[in-house]
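Colleague: Please find entry33.tsv (TSV, C-alpha atoms) on the next line:
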```
chain	number	residue	atom	x	y	z
A	1	MET	CA	0.00	0.00	0.00
A	2	ASP	CA	1.30	3.47	-0.84
A	3	LEU	CA	1.62	6.36	1.61
A	4	ILE	CA	-1.75	7.88	0.72
A	5	GLY	CA	-3.46	4.51	1.15
A	6	ASN	CA	-1.77	4.08	4.53
A	7	LEU	CA	-2.85	7.56	5.60
A	8	VAL	CA	-6.47	6.90	4.67
A	9	THR	CA	-6.40	3.62	6.60
A	10	TRP	CA	-4.61	5.18	9.59
A	11	LYS	CA	-7.04	8.10	9.71
A	12	ARG	CA	-10.03	5.77	9.67
A	13	MET	CA	-8.51	3.61	12.42
A	14	ALA	CA	-7.35	6.67	14.41
A	15	GLU	CA	-10.83	8.16	14.37
A	16	ARG	CA	-12.11	4.89	15.80
A	17	GLY	CA	-9.65	5.20	18.69
A	18	ASP	CA	-6.73	2.99	17.60
A	19	ALA	CA	-3.71	4.28	19.58
A	20	GLY	CA	-1.15	3.05	17.05
A	21	ALA	CA	-2.95	4.71	14.17
A	22	GLN	CA	-3.32	7.91	16.20
A	23	TYR	CA	0.43	7.88	16.81
A	24	ASN	CA	1.06	7.34	13.07
A	25	MET	CA	-1.20	10.28	12.27
A	26	GLY	CA	0.78	12.42	14.72
A	27	VAL	CA	4.03	11.43	13.03
A	28	ALA	CA	2.58	12.14	9.58
A	29	TYR	CA	1.47	15.63	10.59
A	30	TYR	CA	4.71	16.32	12.47
A	31	THR	CA	6.94	15.30	9.56
A	32	GLY	CA	4.68	16.52	6.77
A	33	GLN	CA	4.41	13.02	5.27
A	34	GLY	CA	1.29	13.06	3.13
A	35	PHE	CA	-0.05	16.20	4.80
A	36	MET	CA	1.11	19.76	5.15
A	37	ARG	CA	3.27	19.86	8.27
A	38	ASN	CA	1.02	20.88	11.15
A	39	TYR	CA	2.37	20.72	14.70
A	40	ALA	CA	-1.02	21.42	16.28
A	41	GLU	CA	-2.58	18.45	14.46
A	42	ALA	CA	0.44	16.32	15.36
A	43	ALA	CA	0.06	17.23	19.04
A	44	LYS	CA	-3.68	16.46	18.90
A	45	TRP	CA	-3.05	12.95	17.56
A	46	PHE	CA	-0.10	12.34	19.88
A	47	ARG	CA	-2.30	13.34	22.84
A	48	LEU	CA	-5.07	10.92	21.85
A	49	SER	CA	-2.57	8.09	21.55
A	50	ALA	CA	-0.59	9.12	24.65
A	51	GLU	CA	-3.74	9.12	26.78
A	52	GLN	CA	-4.15	5.46	25.83
A	53	GLY	CA	-0.64	4.69	27.07
A	54	ASN	CA	1.36	4.72	23.83
A	55	ARG	CA	4.88	5.47	25.08
A	56	ASN	CA	6.14	6.84	21.75
A	57	ALA	CA	3.21	9.24	21.65
A	58	GLN	CA	3.86	10.21	25.27
A	59	PHE	CA	7.49	10.96	24.41
A	60	ASN	CA	6.53	12.99	21.32
A	61	LEU	CA	3.83	14.89	23.21
A	62	GLY	CA	6.45	15.69	25.84
A	63	ASN	CA	8.69	17.00	23.06
A	64	ALA	CA	5.83	19.13	21.72
A	65	TYR	CA	5.36	20.77	25.12
A	66	TYR	CA	9.09	21.12	25.69
A	67	ARG	CA	9.61	22.87	22.34
A	68	GLY	CA	6.26	24.63	22.12
A	69	GLU	CA	5.38	22.92	18.84
A	70	GLY	CA	1.62	22.93	18.28
A	71	VAL	CA	0.98	23.67	21.96
A	72	MET	CA	2.08	26.38	24.37
A	73	GLN	CA	5.57	25.65	25.66
A	74	ASP	CA	5.22	24.16	29.13
A	75	TYR	CA	8.16	22.34	30.73
A	76	ALA	CA	6.06	20.95	33.57
A	77	GLU	CA	3.57	19.45	31.10
A	78	ALA	CA	6.46	18.09	29.04
A	79	LEU	CA	7.81	16.37	32.15
A	80	LYS	CA	4.41	14.87	32.90
A	81	TRP	CA	4.44	13.10	29.54
A	82	TYR	CA	8.15	12.22	29.69
A	83	ARG	CA	7.57	10.59	33.07
A	84	LYS	CA	4.79	8.43	31.62
A	85	ALA	CA	7.06	7.31	28.76
A	86	ALA	CA	10.02	6.84	31.14
A	87	ALA	CA	7.91	4.60	33.37
A	88	GLN	CA	7.57	2.34	30.34
A	89	GLY	CA	11.35	2.27	29.87
A	90	ASP	CA	11.76	4.97	27.21
A	91	ALA	CA	15.46	5.95	27.34
A	92	GLY	CA	14.90	9.20	25.43
A	93	ALA	CA	12.32	10.30	27.98
A	94	GLN	CA	14.66	9.36	30.82
A	95	TYR	CA	17.42	11.42	29.21
A	96	ASN	CA	15.07	14.40	28.75
A	97	ILE	CA	14.04	14.22	32.41
A	98	GLY	CA	17.72	14.24	33.33
A	99	ASN	CA	18.18	17.35	31.19
A	100	ALA	CA	15.20	19.01	32.86
A	101	TYR	CA	16.77	18.47	36.28
A	102	SER	CA	20.19	19.52	35.03
A	103	HIS	CA	18.88	22.83	33.69
A	104	GLY	CA	15.96	23.42	36.06
A	105	ARG	CA	13.27	23.34	33.38
A	106	GLY	CA	9.89	22.44	34.84
A	107	VAL	CA	11.52	21.27	38.07
A	108	GLU	CA	13.96	22.70	40.56
A	109	GLN	CA	17.54	22.24	39.33
A	110	ASP	CA	19.00	19.12	40.95
A	111	ASP	CA	22.28	17.56	39.81
A	112	CYS	CA	21.66	14.35	41.80
A	113	GLU	CA	18.32	13.78	40.11
A	114	ALA	CA	19.84	14.64	36.73
A	115	ALA	CA	22.56	12.02	37.24
A	116	ARG	CA	19.99	9.45	38.38
A	117	TRP	CA	17.93	9.91	35.21
A	118	TYR	CA	21.00	10.04	32.97
A	119	THR	CA	22.11	6.74	34.51
A	120	MET	CA	18.79	5.07	33.67
A	121	ALA	CA	19.03	6.22	30.06
A	122	ALA	CA	22.77	5.50	29.74
A	123	GLU	CA	22.29	1.95	30.99
A	124	GLN	CA	19.97	1.47	28.02
A	125	GLY	CA	22.62	2.76	25.63
A	126	ASP	CA	21.40	6.33	25.10
A	127	MET	CA	24.49	8.05	23.68
A	128	ASP	CA	23.62	11.54	24.90
A	129	ALA	CA	22.97	10.24	28.40
A	130	GLU	CA	26.28	8.38	28.36
A	131	PHE	CA	28.05	11.61	27.41
A	132	ASN	CA	26.28	13.68	30.07
A	133	LEU	CA	26.85	11.02	32.71
A	134	GLY	CA	30.55	11.07	31.83
A	135	ASN	CA	30.50	14.84	32.33
A	136	ALA	CA	28.73	14.41	35.67
A	137	TYR	CA	31.40	11.98	36.91
A	138	TYR	CA	34.22	14.16	35.59
A	139	ASN	CA	32.88	17.30	37.29
A	140	GLY	CA	31.39	15.63	40.37
A	141	CYS	CA	27.91	16.98	39.57
A	142	GLY	CA	25.30	14.92	41.37
A	143	VAL	CA	27.74	12.04	41.82
A	144	MET	CA	31.14	11.66	43.44
A	145	ARG	CA	33.91	12.78	41.10
A	146	ASP	CA	35.29	9.64	39.48
A	147	TYR	CA	37.56	9.88	36.46
A	148	MET	CA	37.34	6.13	35.78
A	149	GLN	CA	33.54	6.36	35.59
A	150	ALA	CA	33.81	9.47	33.42
A	151	ALA	CA	36.12	7.57	31.06
A	152	TYR	CA	33.80	4.55	31.06
A	153	TRP	CA	30.73	6.54	30.03
A	154	TRP	CA	32.58	8.74	27.55
A	155	ARG	CA	34.03	5.62	25.91
A	156	LYS	CA	30.54	4.16	25.53
A	157	ALA	CA	29.34	7.40	23.91
A	158	ALA	CA	32.48	7.66	21.75
A	159	ASP	CA	31.97	4.08	20.56
A	160	GLN	CA	28.57	5.20	19.26
A	161	GLY	CA	30.17	8.08	17.36
A	162	ASP	CA	29.97	11.00	19.80
A	163	ALA	CA	32.89	13.24	18.79
A	164	ASP	CA	32.70	15.35	21.97
A	165	ALA	CA	32.95	12.22	24.10
A	166	ARG	CA	35.95	11.07	22.08
A	167	HIS	CA	37.59	14.48	22.58
A	168	ASN	CA	36.88	14.47	26.34
A	169	LEU	CA	38.27	10.95	26.62
A	170	GLU	CA	41.44	11.87	24.73
A	171	THR	CA	41.88	14.98	26.88
A	172	LEU	CA	41.38	12.94	30.05
A	173	TYR	CA	44.02	10.39	29.04
A	174	ALA	CA	46.42	13.12	27.88
A	175	SER	CA	46.12	14.85	31.27
A	176	GLY	CA	47.70	11.82	32.93
A	177	VAL	CA	44.92	11.48	35.51
A	178	LEU	CA	44.30	7.88	34.46
```
Hey, can you dump this file as structure tokens for me?

Modeller:
Amino acid sequence: MDLIGNLVTWKRMAERGDAGAQYNMGVAYYTGQGFMRNYAEAAKWFRLSAEQGNRNAQFNLGNAYYRGEGVMQDYAEALKWYRKAAAQGDAGAQYNIGNAYSHGRGVEQDDCEAARWYTMAAEQGDMDAEFNLGNAYYNGCGVMRDYMQAAYWWRKAADQGDADARHNLETLYASGVL
């Protein structure tokens, strides 16, 4: 079936309450696949799916609130949806919650909480979380300063292609600390 055929089918299913089809409609409107890009429509469909427990929709609705795409920017509302996705094991949501705590967006700034959430995401292989967790260990932000742990997490991120992690790792080894 071609894209237009899929969209017709998804729309019909979405209107009947199918969470997966609602999510697909949100993605189509967000990316402009088959429709004119429309963030408000994307957020509407993501919300319908998210309310039924679709973790990808919850994550994307959190992103919509975080960025103010199709809805008023609201960090606290973004966190509400990220937490729902994180509870289902979504590493991206866990990383975003860590960022919220790191920067004090929607919550009081808390380096310990940031490190806790980064750890959850990093343990699932989220490259950005691995990098940030390496930074946390290097700087002693929210965790005890530990250059070995910093190197461990930066290496994991560097192995996934993170150039900044590779640079930090090289700088750490060149400093002679390890």

Colleague: Considering all atoms listed in the file, return as a PDB file with C-alpha atoms, in the frame of the given file whatever protein or nucleic-acid residues lie within 10 Å of Lys44 in chain A, sequence-local ones (same chain, fewer than 3 positions apart) excluded.

Modeller:
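The resulting file, selection.pdb, is shown below:
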```pdb
ATOM      1  CA  GLN A  22      -3.320   7.910  16.200  1.00  0.00           C
ATOM      2  CA  TYR A  23       0.430   7.880  16.810  1.00  0.00           C
ATOM      3  CA  MET A  25      -1.200  10.280  12.270  1.00  0.00           C
ATOM      4  CA  GLY A  26       0.780  12.420  14.720  1.00  0.00           C
ATOM      5  CA  TYR A  29       1.470  15.630  10.590  1.00  0.00           C
ATOM      6  CA  TYR A  39       2.370  20.720  14.700  1.00  0.00           C
ATOM      7  CA  ALA A  40      -1.020  21.420  16.280  1.00  0.00           C
ATOM      8  CA  GLU A  41      -2.580  18.450  14.460  1.00  0.00           C
ATOM      9  CA  ARG A  47      -2.300  13.340  22.840  1.00  0.00           C
ATOM     10  CA  LEU A  48      -5.070  10.920  21.850  1.00  0.00           C
ATOM     11  CA  SER A  49      -2.570   8.090  21.550  1.00  0.00           C
ATOM     12  CA  ALA A  50      -0.590   9.120  24.650  1.00  0.00           C
ATOM     13  CA  LEU A  61       3.830  14.890  23.210  1.00  0.00           C
ATOM     14  CA  GLY A  70       1.620  22.930  18.280  1.00  0.00           C
ATOM     15  CA  VAL A  71       0.980  23.670  21.960  1.00  0.00           C
TER      16      VAL A  71
END
```

Colleague: Calculated over only C-alpha atoms, which of the candidates A:Arg105, A:Arg55, A:Arg67, A:Arg12 has the smallest distance to Gly92 in chain A?

Modeller: A:Arg55

Colleague: Under the rule that only C-alpha atoms are counted, which of A:Tyr118, A:Trp81, A:Trp45, A:Phe131 is the nearest residue to Ala163 in chain A?

Modeller: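 Selected residue with least distance to Ala163 in chain A: A:Phe131.
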
Colleague: What is the distance, in Å and to one decimal place, between CA of Gly62 in chain A and CA of Ala150 in chain A?

Modeller: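 Computing it gives 29.1 Å between the two atoms.
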
Colleague: What does the distance between CA of Phe59 in chain A and CA of Ala91 in chain A come to in Å, to one decimal place?

Modeller: 9.9 Å

Colleague: Neighbouring residues of Tyr147 in chain A were defined as those with any atom within 9 Å, considering only C-alpha atoms; residues of the same chain fewer than 6 positions away were excluded. Please report them as a ChimeraX atom specification.

Modeller: /A:134,137-139,172,177-178

Colleague: Neighbouring residues of range 75-79 of chain A were defined as those with any atom within 7 Å, considering all atoms listed in the file; residues of the same chain fewer than 2 positions away were excluded. Please report them as a PyMOL selection string.

Modeller: chain A and resi 62-63+65-66+73+81-83+97+105-106

Colleague: Skip Tyr173 in chain A itself and residues of its chain fewer than 6 positions away, then list as a ChimeraX atom specification all residues within 12 Å of it, counting only C-alpha atoms.

Modeller: /A:147-148,150-152,154-155,166-167

Colleague: Between CA of Ser102 in chain A and CA of Gln124 in chain A, measure the distance and give it in Å to one decimal.

Modeller: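 CA of Gln124 in chain A lies at a distance of 19.4 Å from CA of Ser102 in chain A.
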
Colleague: Which one of A:Ala93, A:Ala28, A:Ala86, A:Ala14 sits closest to Gln52 in chain A if you count only C-alpha atoms?

Modeller: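 Using only C-alpha atoms, Gln52 in chain A sits closest to A:Ala14.
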
Colleague: Between A:Asn96, A:Thr9, A:Asn132, A:Gln109, which one has atoms that come closest to Ala165 in chain A, using all atoms listed in the file?

Modeller: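 Nearest candidate to Ala165 in chain A out of A:Asn96, A:Thr9, A:Asn132, A:Gln109: A:Asn132.
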
Colleague: Name all residues at most 9 Å from Gly142 in chain A (count all atoms listed in the file; drop same-chain ones fewer than 6 positions away) and give them as a list in words.

Modeller: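 Final neighbour list, sorted by chain and number: Asp110, Asp111, Cys112, Glu113, Ala114, Ala115, Arg116 and Ala136 of chain A.
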
Colleague: From the list A:Thr31, A:Gly98, A:Val107, A:Ala158, which residue is nearest Leu133 in chain A when using only C-alpha atoms?

Modeller: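 Among the listed residues, A:Gly98 lies closest to Leu133 in chain A.
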
Colleague: Grab all the atoms of range 16-25 of chain A that the file lists, wrap them in a box along x, y and z, add 5 Å per side, and give me centre plus edge lengths in Å (one decimal) as JSON.

Modeller:
```
{"center_x": -5.5, "center_y": 6.6, "center_z": 15.9, "size_x": 23.2, "size_y": 17.3, "size_z": 17.3}
```
